[in-house]
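**Q** Next comes the structure file my_file-v3.txt, holding compact mmCIF, C-alpha atoms.
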```
# COMPACT_ATOMS: atom_id res chain seq x y z
CA MET A 1 -25.65 -3.19 -21.72
CA LEU A 2 -27.46 -5.72 -19.57
CA ARG A 3 -25.67 -9.09 -19.38
CA THR A 4 -27.11 -12.32 -17.98
CA VAL A 5 -25.23 -15.42 -16.91
CA GLU A 6 -26.55 -18.77 -15.82
CA ILE A 7 -24.78 -20.43 -12.90
CA THR A 8 -25.45 -24.11 -12.24
CA ALA A 9 -24.07 -26.49 -9.64
CA GLU A 10 -24.82 -29.99 -8.44
CA LEU A 11 -23.90 -31.93 -5.31
CA THR A 12 -24.46 -35.68 -5.06
CA GLY A 13 -24.33 -38.34 -2.40
CA GLN A 14 -26.44 -39.60 0.48
CA LEU A 15 -28.20 -36.33 1.36
CA LYS A 16 -30.88 -37.94 3.55
CA GLY A 17 -30.64 -40.55 6.29
CA ASP A 18 -29.81 -40.94 9.99
CA ASP A 19 -27.24 -38.15 9.98
CA PHE A 20 -29.42 -35.76 7.92
CA HIS A 21 -27.83 -32.28 7.96
CA ALA A 22 -30.40 -30.39 5.82
CA LEU A 23 -27.73 -29.20 3.38
CA HIS A 24 -28.97 -26.27 1.28
CA PHE A 25 -27.72 -23.50 -0.99
CA GLY A 26 -27.68 -20.11 0.73
CA PRO A 27 -29.08 -16.84 -0.64
CA ARG A 28 -25.66 -15.36 -1.50
CA LEU A 29 -23.23 -15.97 -4.32
CA GLU A 30 -20.02 -14.30 -5.38
CA PHE A 31 -19.14 -13.94 -9.02
CA ALA A 32 -16.13 -12.42 -10.85
CA VAL A 33 -17.42 -9.59 -13.03
CA ASP A 34 -15.64 -6.91 -15.04
CA CYS A 35 -16.70 -3.71 -13.25
CA PHE A 36 -17.20 -0.59 -15.36
CA ILE A 37 -17.51 1.57 -12.22
CA CYS A 38 -14.00 0.94 -10.86
CA GLU A 39 -12.84 0.01 -14.38
CA ARG A 40 -11.17 -3.25 -13.37
CA THR A 41 -11.60 -6.74 -14.78
CA GLY A 42 -12.36 -9.81 -12.68
CA ARG A 43 -13.71 -8.02 -9.59
CA THR A 44 -15.46 -10.20 -7.03
CA GLN A 45 -19.05 -9.03 -6.72
CA VAL A 46 -21.43 -10.24 -4.03
CA PHE A 47 -25.01 -10.93 -5.10
CA GLU A 48 -27.73 -11.53 -2.50
CA ARG A 49 -31.08 -13.08 -3.44
CA GLY A 50 -33.72 -10.34 -3.29
CA ALA A 51 -31.24 -7.43 -3.38
CA GLU A 52 -31.53 -4.89 -6.20
CA ARG A 53 -27.78 -4.23 -6.41
CA ALA A 54 -24.51 -6.08 -5.98
CA LEU A 55 -21.43 -5.16 -3.96
CA CYS A 56 -18.12 -4.95 -5.84
CA SER A 57 -14.85 -5.70 -4.00
CA GLY A 58 -13.31 -2.57 -5.54
CA THR A 59 -9.57 -2.20 -6.01
CA ARG A 60 -6.63 -2.44 -3.65
CA SER A 61 -5.14 0.84 -4.78
CA GLY A 62 -8.15 2.98 -5.55
CA LEU A 63 -11.89 2.71 -5.28
CA ALA A 64 -13.06 0.89 -2.16
CA ARG A 65 -15.98 -1.53 -2.05
CA HIS A 66 -18.93 -0.03 -3.84
CA TYR A 67 -22.38 -0.90 -5.08
CA THR A 68 -22.88 -1.81 -8.71
CA PRO A 69 -25.97 -2.59 -10.80
CA GLY A 70 -26.58 -6.32 -10.61
CA ARG A 71 -29.00 -8.82 -9.13
CA ILE A 72 -29.98 -12.45 -8.94
CA ALA A 73 -32.85 -12.51 -11.42
CA ALA A 74 -33.83 -16.16 -10.85
CA TYR A 75 -32.81 -18.70 -8.24
CA ASP A 76 -34.00 -22.28 -8.16
CA THR A 77 -32.83 -25.24 -6.13
CA THR A 78 -33.91 -28.85 -6.40
CA SER A 79 -33.15 -31.59 -3.94
CA GLY A 80 -33.72 -35.28 -3.59
CA ALA A 81 -32.32 -38.18 -1.61
CA GLU A 82 -29.07 -38.16 -3.58
CA ARG A 83 -28.92 -34.82 -5.42
CA LEU A 84 -28.89 -31.11 -4.60
CA ALA A 85 -28.81 -28.72 -7.56
CA LEU A 86 -28.81 -24.97 -8.09
CA ARG A 87 -29.64 -22.84 -11.12
CA ALA A 88 -29.27 -19.08 -10.80
CA LEU A 89 -29.60 -16.33 -13.39
CA VAL A 90 -27.50 -13.27 -12.59
CA ASP A 91 -28.08 -9.92 -14.31
CA PHE A 92 -25.40 -7.23 -14.31
CA TRP A 93 -24.58 -4.15 -16.33
CA TRP A 94 -21.54 -4.01 -18.58
CA ALA A 95 -20.00 -1.17 -20.52
CA PRO A 96 -16.75 -1.12 -22.50
CA PHE A 97 -13.65 0.21 -20.73
CA ASP A 98 -9.90 -0.26 -20.52
CA ASP A 99 -8.63 -1.79 -17.27
CA LYS A 100 -7.16 0.99 -15.11
CA LYS A 101 -4.20 -1.13 -14.02
CA THR A 102 -3.28 -3.09 -17.15
CA GLY A 103 -4.75 -0.91 -19.90
CA ALA A 104 -6.25 -4.00 -21.52
CA PRO A 105 -9.70 -3.62 -23.06
CA CYS A 106 -12.52 -5.29 -21.18
CA PRO A 107 -14.07 -8.16 -23.16
CA ALA A 108 -17.84 -8.32 -23.67
CA ALA A 109 -18.13 -11.64 -21.81
CA PRO A 110 -16.85 -12.13 -18.23
CA SER A 111 -13.10 -12.57 -18.52
CA HIS A 112 -12.73 -14.60 -15.32
CA PRO A 113 -15.75 -16.95 -14.94
CA TRP A 114 -15.19 -17.67 -11.23
CA VAL A 115 -18.05 -18.21 -8.77
CA ARG A 116 -18.41 -19.02 -5.06
CA LEU A 117 -21.71 -20.51 -3.88
CA HIS A 118 -22.66 -20.34 -0.23
CA LEU A 119 -24.17 -23.34 1.54
CA GLY A 120 -25.67 -24.01 4.93
CA TYR A 121 -26.52 -27.05 7.00
CA HIS A 122 -27.46 -28.05 10.52
CA CYS A 123 -25.34 -30.63 12.33
CA PRO A 124 -27.60 -32.91 14.41
CA THR A 125 -24.64 -33.90 16.63
CA ALA A 126 -23.55 -30.36 17.49
CA GLY A 127 -27.08 -28.97 17.27
CA GLU A 128 -26.07 -25.80 15.49
CA PRO A 129 -26.16 -24.31 11.99
CA VAL A 130 -23.00 -24.11 9.88
CA ARG A 131 -22.14 -21.99 6.84
CA THR A 132 -19.68 -23.07 4.15
CA SER A 133 -19.08 -22.54 0.44
CA LEU A 134 -17.85 -24.12 -2.76
CA GLN A 135 -16.18 -22.43 -5.68
CA THR A 136 -15.00 -23.06 -9.20
CA ASN A 137 -11.25 -23.13 -8.52
CA VAL A 138 -11.15 -26.14 -6.17
CA ALA A 139 -9.87 -29.59 -7.14
CA ARG A 140 -12.65 -32.07 -7.80
CA PRO A 141 -14.09 -34.45 -6.79
CA TYR A 142 -14.36 -32.96 -3.33
CA ASP A 143 -16.20 -34.46 -0.36
CA LEU A 144 -18.01 -31.78 1.62
CA ARG A 145 -17.72 -32.77 5.31
CA CYS A 146 -19.43 -31.50 8.43
CA THR A 147 -17.02 -29.39 10.46
CA HIS A 148 -18.40 -30.91 13.70
CA CYS A 149 -19.05 -34.64 13.19
CA LYS A 150 -16.95 -35.08 10.01
CA ALA A 151 -19.81 -36.85 8.18
CA VAL A 152 -19.67 -36.60 4.38
CA LEU A 153 -22.59 -34.34 3.47
CA ALA A 154 -22.23 -34.52 -0.30
CA THR A 155 -19.72 -34.89 -3.10
CA ASP A 156 -18.88 -31.92 -5.27
CA ALA A 157 -17.88 -33.82 -8.42
CA THR A 158 -18.22 -31.13 -11.10
CA THR A 159 -17.20 -27.50 -11.23
CA PRO A 160 -20.08 -25.00 -11.03
CA ALA A 161 -20.83 -23.89 -14.58
CA VAL A 162 -20.99 -20.26 -15.68
CA ARG A 163 -22.65 -19.66 -19.06
CA VAL A 164 -23.24 -16.25 -20.68
CA LEU A 165 -26.83 -16.05 -21.96
CA ALA A 166 -27.04 -12.46 -23.14
```
Show this structure as structure tokens.
**A**
Amino acid sequence: MLRTVEITAELTGQLKGDDFHALHFGPRLEFAVDCFICERTGRTQVFERGAERALCSGTRSGLARHYTPGRIAAYDTTSGAERLALRALVDFWWAPFDDKKTGAPCPAAPSHPWVRLHLGYHCPTAGEPVRTSLQTNVARPYDLRCTHCKAVLATDATTPAVRVLA
């Protein structure tokens, strides 16, 4: 069965100005999905914008990393002087199974709605690009700072939302 989730996130703060870092969402996201291929719940799967399949983290004691049917179906970012927002639709296949380790049945909706969103920016002081990320299981509010000049790039005030659509 094809499942679709909507992932939304918003960063706020002074995103433009003298120390403009060109903060942006990257083309990759990681999402916890119940994987019917390795038959484990809550597997971290890596989705890349434009890719026709996702990469599952696999299991520690069995199946190694493997491809799985999933893709970013829609990806939209909006930005302004004080707001940077992301909305992504992620499609993935789901089939019923019992978890190989625990024996528990896999629920129809994602059992562990965790997501990591990748970000990038360019520090004008250091003159080089930087990659970072934000994820659902971090205490908020959180000030995202440049690793070089320590400027506050944005505030991550709300947890990224994961909503099952179909």
**Q** Kindly give the distance, in Å, that separates CA of Glu6 (chain A) and CA of Ala161 (chain A), rounded to a single decimal.
**A**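 Value for the CA of Glu6 (chain A)-CA of Ala161 (chain A) distance: 7.8 Å.
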**Q** Nearest to Ala88 (chain A) among A:Glu39, A:Asp156, A:Glu30, A:Asp143, with distances taken over only C-alpha atoms: which residue is it?
**A**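 The shortest atom-to-atom distance to Ala88 (chain A) comes from A:Glu30.
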**Q** So which residues are close to (-31.3, -32.0, -5.6), meaning at most 12 Å away in the file's coordinates with only C-alpha atoms counted, and can you show them as a list in words?
**A**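 Neighbouring residues, ordered by chain and number, come to Thr8, Ala9, Glu10, Leu11, Thr12, Gly13, Gln14, Leu15, Lys16, Ala22, Leu23, His24, Phe25, Asp76, Thr77, Thr78, Ser79, Gly80, Ala81, Glu82, Arg83, Leu84, Ala85, Leu86, Arg87 and Ala154 of chain A.
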**Q** Go through A:Val46, A:Ile37, A:Leu89, A:Leu117 one by one, measure the shortest atom-to-atom distance of each to Ala64 (chain A) using only C-alpha atoms, and give the residue with the smallest value.
**A**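 Nearest to Ala64 (chain A): A:Ile37.
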**Q** Could you work out how far CA of Pro160 (chain A) lies from CA of His66 (chain A), giving the answer in Å with one decimal?
**A**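 Computing the Euclidean distance for CA of His66 (chain A) and CA of Pro160 (chain A) yields 26.0 Å.
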**Q** If you measure from CA of Cys38 (chain A) to CA of Cys106 (chain A), what distance in Å do you get, rounded to one decimal?
**A** 12.1 Å
**Q** So, counting only C-alpha atoms, which residue among A:Arg28, A:Glu52, A:Phe47, A:Cys123 is closest to Val152 (chain A)?
**A**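 Closest to Val152 (chain A) of all the choices is A:Cys123.
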**Q** Between A:Gly50, A:Gly120, A:Pro110, A:Gly103, which is the closest to Val162 (chain A) once you count all atoms listed in the file?
**A**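 Under the stated criterion, the closest residue is A:Pro110.
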**Q** Choose the residue, out of A:Ala166, A:Arg40, A:Pro69, A:Val90, that has the smallest atom-to-atom separation from Ala104 (chain A); count only C-alpha atoms.
**A**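 Closest candidate: A:Arg40.
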**Q** Between A:Trp114, A:Tyr75, A:Tyr121, A:Phe20, which residue has the minimum interatomic distance to Gln135 (chain A), considering all atoms listed in the file?
**A**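 The shortest atom-to-atom distance to Gln135 (chain A) comes from A:Trp114.
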**Q** Which residues are near Ala108 (chain A)? Cut-off 10 Å, all atoms listed in the file, ignore same chain within fewer than 2 positions. Put them as a PyMOL selection string.
**A** chain A and resi 1+3+34+94-97+105-106+110-111
**Q** Name all residues at most 7 Å from Pro141 (chain A) (count all atoms listed in the file; drop same-chain ones fewer than 5 positions away) and give them as an mmCIF file with C-alpha atoms, in the frame of the given file.
**A**
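Printed below is selection-v5.cif as written:
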```cif
data_model
loop_
_atom_site.group_PDB
_atom_site.id
_atom_site.type_symbol
_atom_site.label_atom_id
_atom_site.label_comp_id
_atom_site.auth_asym_id
_atom_site.auth_seq_id
_atom_site.Cartn_x
_atom_site.Cartn_y
_atom_site.Cartn_z
ATOM 1 C CA THR A 155 -19.720 -34.890 -3.100
ATOM 2 C CA ASP A 156 -18.880 -31.920 -5.270
ATOM 3 C CA ALA A 157 -17.880 -33.820 -8.420
ATOM 4 C CA THR A 158 -18.220 -31.130 -11.100
#
```
**Q** Give me the residues within 9 Å of Ala51 (chain A) as an NGL selection string, counting all atoms listed in the file and dropping any in the same chain fewer than 5 places off.
**A** :A and (70-72)
**Q** Give as JSON, numbers by chain every residue, naming chains and numbers as the document does, that has an atom within 12 Å of (-8.8, -23.6, -11.8), counting all atoms listed in the file.
**A** {"A": [112, 113, 114, 115, 135, 136, 137, 138, 139, 140, 159, 160]}
**Q** With C-alpha atoms retained, write the just-selected residues as a CSV table (one decimal), in the coordinates of the input.
**A**
```csv
chain,number,residue,atom,x,y,z
A,112,HIS,CA,-12.7,-14.6,-15.3
A,113,PRO,CA,-15.8,-17.0,-14.9
A,114,TRP,CA,-15.2,-17.7,-11.2
A,115,VAL,CA,-18.0,-18.2,-8.8
A,135,GLN,CA,-16.2,-22.4,-5.7
A,136,THR,CA,-15.0,-23.1,-9.2
A,137,ASN,CA,-11.2,-23.1,-8.5
A,138,VAL,CA,-11.2,-26.1,-6.2
A,139,ALA,CA,-9.9,-29.6,-7.1
A,140,ARG,CA,-12.6,-32.1,-7.8
A,159,THR,CA,-17.2,-27.5,-11.2
A,160,PRO,CA,-20.1,-25.0,-11.0
```
